[in-house]
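Note: the block below is protein-v3.txt and it holds compact mmCIF, C-alpha atoms.
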```txt
# COMPACT_ATOMS: atom_id res chain seq x y z
CA MET A 190 -26.21 13.64 -23.08
CA ASN A 191 -27.04 9.96 -22.62
CA SER A 192 -26.96 8.17 -19.26
CA ASN A 193 -23.63 6.42 -19.94
CA THR A 194 -21.92 9.71 -20.70
CA LEU A 195 -23.42 11.30 -17.60
CA ALA A 196 -22.32 8.33 -15.49
CA ARG A 197 -18.78 8.67 -16.85
CA TRP A 198 -18.63 12.37 -15.94
CA VAL A 199 -20.04 11.72 -12.47
CA SER A 200 -17.35 9.05 -12.01
CA VAL A 201 -14.63 11.48 -13.10
CA PHE A 202 -15.86 14.41 -11.00
CA PHE A 203 -16.34 12.29 -7.86
CA ASP A 204 -13.00 10.50 -8.10
CA SER A 205 -11.06 11.13 -4.87
CA SER A 206 -8.12 12.64 -6.76
CA VAL A 207 -10.46 15.27 -8.24
CA LEU A 208 -12.32 15.88 -4.99
CA SER A 209 -9.03 16.27 -3.11
CA VAL A 210 -8.22 19.39 -5.16
CA VAL A 211 -11.14 21.11 -3.39
CA VAL A 212 -11.20 19.31 -0.04
CA PHE A 213 -7.50 19.58 0.86
CA PRO A 214 -7.26 23.39 0.53
CA ALA A 215 -10.54 23.77 2.44
CA ILE A 216 -9.15 21.68 5.31
CA GLY A 217 -5.87 23.63 5.12
CA TRP A 218 -7.69 26.96 5.27
CA GLN A 219 -9.71 25.85 8.27
CA ALA A 220 -6.51 24.62 9.96
CA GLY A 221 -4.38 27.72 9.45
CA GLY A 222 -5.34 30.17 6.72
CA TRP A 223 -2.91 30.54 3.83
CA GLN A 224 -0.16 28.69 5.66
CA GLY A 225 -2.57 25.79 6.16
CA VAL A 226 -3.43 25.89 2.45
CA ALA A 227 0.28 25.69 1.60
CA TRP A 228 0.60 22.59 3.80
CA ALA A 229 -2.52 21.13 2.20
CA VAL A 230 -0.98 21.61 -1.26
CA VAL A 231 2.15 19.74 -0.12
CA ALA A 232 -0.09 16.94 1.19
CA LEU A 233 -2.08 16.96 -2.05
CA LEU A 234 1.04 16.61 -4.19
CA ILE A 235 2.25 13.63 -2.18
CA LEU A 236 -1.02 11.88 -1.34
CA THR A 237 -2.73 12.36 -4.70
CA GLY A 238 0.04 13.37 -7.10
CA LEU A 239 2.33 10.37 -6.62
CA PRO A 240 -0.39 7.69 -6.98
CA LEU A 241 -1.83 9.54 -10.00
CA ALA A 242 1.64 9.63 -11.58
CA TYR A 243 1.87 5.85 -11.04
CA ILE A 244 -1.43 5.34 -12.89
CA LEU A 245 -0.45 7.61 -15.79
CA ILE A 246 2.96 5.97 -16.18
CA GLY A 247 1.32 2.54 -15.86
CA MET A 248 -1.15 3.35 -18.63
CA ARG A 249 1.70 4.41 -20.91
CA ARG A 250 3.71 1.30 -20.14
CA GLY A 251 0.76 -1.08 -20.28
CA TRP A 252 0.54 -2.38 -16.71
CA VAL A 253 -2.54 -0.29 -15.90
CA SER A 254 -5.64 -0.56 -18.11
CA ASP A 255 -7.34 2.75 -17.30
CA LEU A 256 -7.64 5.59 -14.79
CA GLU A 257 -10.24 3.65 -12.81
CA LEU A 258 -8.09 0.54 -12.34
CA SER A 259 -11.00 -1.50 -13.65
CA ARG A 260 -9.24 -4.84 -13.24
CA ARG A 261 -9.09 -5.93 -9.60
CA GLU A 262 -5.61 -7.40 -10.07
CA GLU A 263 -4.24 -3.89 -10.86
CA ARG A 264 -5.40 -2.49 -7.53
CA PRO A 265 -3.06 -4.06 -4.93
CA ARG A 266 0.11 -2.70 -6.55
CA PHE A 267 -1.48 0.74 -6.97
CA ILE A 268 -2.63 0.73 -3.36
CA LEU A 269 0.90 -0.18 -2.21
CA VAL A 270 2.22 2.85 -4.11
CA SER A 271 -0.53 4.91 -2.55
CA VAL A 272 0.19 3.66 1.00
CA SER A 273 3.90 4.38 0.44
CA SER A 274 3.04 7.98 -0.47
CA ASP A 275 0.77 8.12 2.60
CA ILE A 276 3.65 7.10 4.86
CA LEU A 277 5.94 9.63 3.19
CA ALA A 278 3.33 12.34 3.79
CA LEU A 279 2.79 11.27 7.41
CA VAL A 280 6.50 11.51 8.16
CA LEU A 281 7.13 14.72 6.22
CA LEU A 282 4.05 16.56 7.52
CA GLY A 283 4.64 15.32 11.06
CA VAL A 284 8.33 16.21 11.23
CA ALA A 285 7.87 19.58 9.52
CA GLY A 286 5.01 20.62 11.82
CA ALA A 287 2.02 20.75 9.49
CA PRO A 288 -1.32 21.65 11.10
CA ARG A 289 -2.95 18.64 12.75
CA PRO A 290 -5.98 18.44 10.38
CA VAL A 291 -3.65 18.34 7.36
CA TRP A 292 -1.55 15.62 8.98
CA LEU A 293 -4.78 13.74 9.71
CA LEU A 294 -5.51 13.68 5.96
CA ALA A 295 -2.37 11.57 5.53
CA LEU A 296 -3.32 9.34 8.46
CA ILE A 297 -6.82 8.78 7.05
CA TYR A 298 -5.36 8.01 3.62
CA ALA A 299 -2.91 5.52 5.17
CA CYS A 300 -5.60 3.74 7.20
CA LEU A 301 -7.95 3.58 4.22
CA GLY A 302 -5.08 2.43 1.99
CA VAL A 303 -4.07 -0.46 4.23
CA THR A 304 -7.70 -1.56 4.54
CA MET A 305 -8.35 -1.26 0.79
CA PHE A 306 -5.13 -3.15 0.00
CA THR A 307 -6.26 -5.99 2.24
CA ILE A 308 -9.74 -6.13 0.72
CA SER A 309 -8.59 -5.61 -2.90
CA SER A 310 -6.22 -8.55 -2.60
CA PHE A 311 -9.26 -10.85 -2.77
CA TRP A 312 -12.31 -8.74 -3.67
CA LYS A 313 -13.11 -5.62 -5.71
CA ILE A 314 -14.44 -2.89 -3.40
CA SER A 315 -15.56 0.48 -4.74
CA LEU A 316 -12.70 2.91 -4.19
CA HIS A 317 -14.96 5.70 -5.52
CA MET A 318 -17.44 5.12 -2.71
CA VAL A 319 -14.65 4.84 -0.13
CA GLY A 320 -13.33 8.24 -1.23
CA VAL A 321 -16.67 10.05 -1.41
CA ALA A 322 -17.90 8.60 1.89
CA GLY A 323 -14.58 9.33 3.59
CA PHE A 324 -14.47 12.93 2.35
CA SER A 325 -18.11 13.51 3.38
CA THR A 326 -17.36 12.18 6.87
CA LEU A 327 -14.24 14.35 7.13
CA LEU A 328 -16.05 17.50 6.00
CA VAL A 329 -18.87 17.03 8.50
CA PHE A 330 -16.35 16.36 11.29
CA ILE A 331 -14.17 19.41 10.50
CA PHE A 332 -16.81 21.94 9.42
CA GLY A 333 -19.83 20.70 11.36
CA PRO A 334 -23.20 19.08 10.69
CA GLY A 335 -24.16 21.84 8.24
CA LEU A 336 -22.29 19.86 5.58
CA TRP A 337 -24.49 16.75 6.00
CA TRP A 338 -25.64 17.31 2.42
CA THR A 339 -22.26 16.09 1.11
CA PHE A 340 -23.55 12.58 1.81
CA LEU A 341 -26.23 13.17 -0.84
CA SER A 342 -23.54 12.58 -3.47
CA LEU A 343 -23.31 8.91 -2.46
CA PRO A 344 -26.45 7.71 -4.29
CA LEU A 345 -25.40 9.64 -7.40
CA VAL A 346 -21.94 8.06 -7.40
CA ALA A 347 -23.42 4.61 -6.72
CA TRP A 348 -25.79 5.05 -9.68
CA ALA A 349 -22.87 6.09 -11.93
CA ARG A 350 -20.74 3.11 -10.92
CA LEU A 351 -23.66 0.72 -11.49
CA GLN A 352 -24.54 2.38 -14.81
CA ARG A 353 -20.96 1.91 -15.99
CA LYS A 354 -21.00 -1.71 -14.77
CA LYS A 355 -17.90 -1.12 -12.63
CA HIS A 356 -19.31 -2.53 -9.38
CA THR A 357 -22.02 -4.62 -7.79
CA PRO A 358 -24.35 -3.14 -5.15
CA GLY A 359 -22.41 -5.05 -2.47
CA GLN A 360 -19.10 -3.53 -3.57
CA LEU A 361 -20.66 -0.06 -3.49
CA LEU A 362 -22.18 -0.57 -0.04
CA ALA A 363 -18.92 -1.96 1.34
CA GLY A 364 -17.02 1.04 -0.02
CA THR A 365 -19.49 3.44 1.57
CA VAL A 366 -19.43 1.73 4.97
CA GLY A 367 -15.64 1.39 4.89
CA GLY A 368 -15.10 5.03 3.96
CA VAL A 369 -17.38 6.33 6.71
CA LEU A 370 -16.26 3.97 9.48
CA ILE A 371 -12.51 4.15 8.94
CA THR A 372 -12.51 7.94 8.52
CA ALA A 373 -14.71 8.43 11.59
CA LEU A 374 -12.59 6.06 13.65
CA VAL A 375 -9.35 7.85 12.74
CA LEU A 376 -10.89 11.25 13.49
CA VAL A 377 -12.35 10.18 16.85
CA LEU A 378 -9.13 8.48 17.99
CA ALA A 379 -6.53 10.91 16.59
CA TYR A 380 -8.05 14.41 16.32
```

If you convert what's in this file into structure tokens, what do you get?
Amino acid sequence: MNSNTLARWVSVFFDSSVLSVVVFPAIGWQAGGWQGVAWAVVALLILTGLPLAYILIGMRRGWVSDLELSRREERPRFILVSVSSDILALVLLGVAGAPRPVWLLALIYACLGVTMFTISSFWKISLHMVGVAGFSTLLVFIFGPGLWWTFLSLPLVAWARLQRKKHTPGQLLAGTVGGVLITALVLVLAY
């Protein structure tokens, strides 16, 4: 396997929509066993499923170039769809009484979404790094410092994004810092 192929697979595996399939149920389990997992699946369908559906429909119709939203001008509209699904999840999970950590997933997504929409309106930030850094911060906060090693994925993802010529080092660093800071801030203020 050559380095470009490896970088592509790293990019796919560490996309936040793929990571969420593992992270959401883990948070749900921690929050309330099988009932928490059920709530996490509902959150997953709204927070990840709806934006992913937008991308897939957009690719078919021609207004989205690829799964990675490689063109910066494609990102603001996608992020608006994503923030809309975040708000839907916040309301639904809040009104229906989902466990607090599952509801916090929606709040983190909404805060990251608003921030990324603002930045992506004028600059291309690495959404991959935002997602990986945010999930690593969340996992350490919820499960404890024993999961510090999740941050070791950041250099690997940064290498993959550079190898694929998707981002500059500055865009990768900004995504990392944004993912950590916004997630940590939400958790400290709202947990």

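Shortest separation to Leu293 (chain A) among A:Leu336, A:Leu361, A:Ala232, A:Leu208 occurs at residue A:Ala232, atoms counted being all atoms listed in the file.
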
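Note that the spacing between CA of Ile244 (chain A) and CA of Leu343 (chain A) amounts to 24.5 Å.
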
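Among A:Ala220, A:Ala242, A:Val303, A:Leu258, the residue with the shortest atom-to-atom distance to Ser315 (chain A), counting all atoms listed in the file, is A:Leu258.
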
All residues 8 Å or closer to Gly225 (chain A), all atoms listed in the file, same chain fewer than 6 positions away omitted, as an NGL selection string: :A and (214 or 216-219 or 287-288 or 291)

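Nearest to Lys313 (chain A) of all the residues A:Ser271, A:Ser259, A:Leu351, A:Leu328 is A:Ser259, counting all atoms listed in the file.
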
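Between Leu256 (chain A) and the candidates A:Tyr243, A:Phe340, A:Val272, A:Phe332, the tightest atom-to-atom separation, counting all atoms listed in the file, involves A:Tyr243.
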
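Here CA of Trp252 (chain A) and CA of Val231 (chain A) stand 27.7 Å from one another.
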
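Closest approach to Thr372 (chain A) from the set A:Gly320, A:Pro358, A:Pro344, A:Gly335 is made by A:Gly320, with distances taken over all atoms listed in the file.
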
- prompt: Mind listing as a ChimeraX atom specification all residues within 9 Å of (-17.6, 11.6, 8.9), counting all atoms listed in the file?
  reply: /A:322-331,368-370,372-374,376

message: So that I can check the surroundings of Asp204 (chain A), please list as a ChimeraX atom specification every protein, DNA and RNA residue that reaches within 10 Å of it, counting all atoms listed in the file and ignoring chain neighbours fewer than 6 positions away.
response: /A:198,256-257,316-321,346

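Here CA of Met305 (chain A) is placed at a distance of 14.5 Å from CA of Arg260 (chain A).
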
message: Around (2.0, 1.3, -3.6), as given in the file, which residues come within 12 Å? Count all atoms listed in the file and list them as a PyMOL selection string.
response: chain A and resi 236+239-244+263-277+299+302-303+305-306

task: Write out as an MDAnalysis selection string each polymer residue whose atoms come within 9 Å of Thr304 (chain A), counting all atoms listed in the file; drop sequence neighbours fewer than 4 positions from it.
output: chainID A and resid 299:300 308:309 367 371

Could the residues in this selection be written to a file with C-alpha atoms, as a PDB file, in the coordinates of the input?
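Saved as out-v8.pdb:
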```pdb
ATOM      1  CA  ALA A 299      -2.910   5.520   5.170  1.00  0.00           C
ATOM      2  CA  CYS A 300      -5.600   3.740   7.200  1.00  0.00           C
ATOM      3  CA  ILE A 308      -9.740  -6.130   0.720  1.00  0.00           C
ATOM      4  CA  SER A 309      -8.590  -5.610  -2.900  1.00  0.00           C
ATOM      5  CA  GLY A 367     -15.640   1.390   4.890  1.00  0.00           C
ATOM      6  CA  ILE A 371     -12.510   4.150   8.940  1.00  0.00           C
TER       7      ILE A 371
END
```

As AutoDock Vina command-line options, please report the centre and edge lengths, rounded to one decimal in Å, of the axis-aligned box that holds all listed atoms of region 203-211 of chain A with 8 Å of padding on each of the six sides.
```
--center_x -12.2 --center_y 15.8 --center_z -5.7 --size_x 24.2 --size_y 26.6 --size_z 21.1
```

- request: For each of A:Leu245, A:Ile314, A:Leu195, A:Ala363, take the minimum atom-to-atom distance to Glu262 (chain A), counting only C-alpha atoms, then give the residue where this is smallest.
  value: A:Ile314

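Near Ala196 (chain A), within a cut-off of 8 Å and counting all atoms listed in the file, sit the residues Ser192, Ser200, Trp348, Ala349, Arg350, Gln352 and Arg353 of chain A, with same-chain residues fewer than 4 positions away left out.
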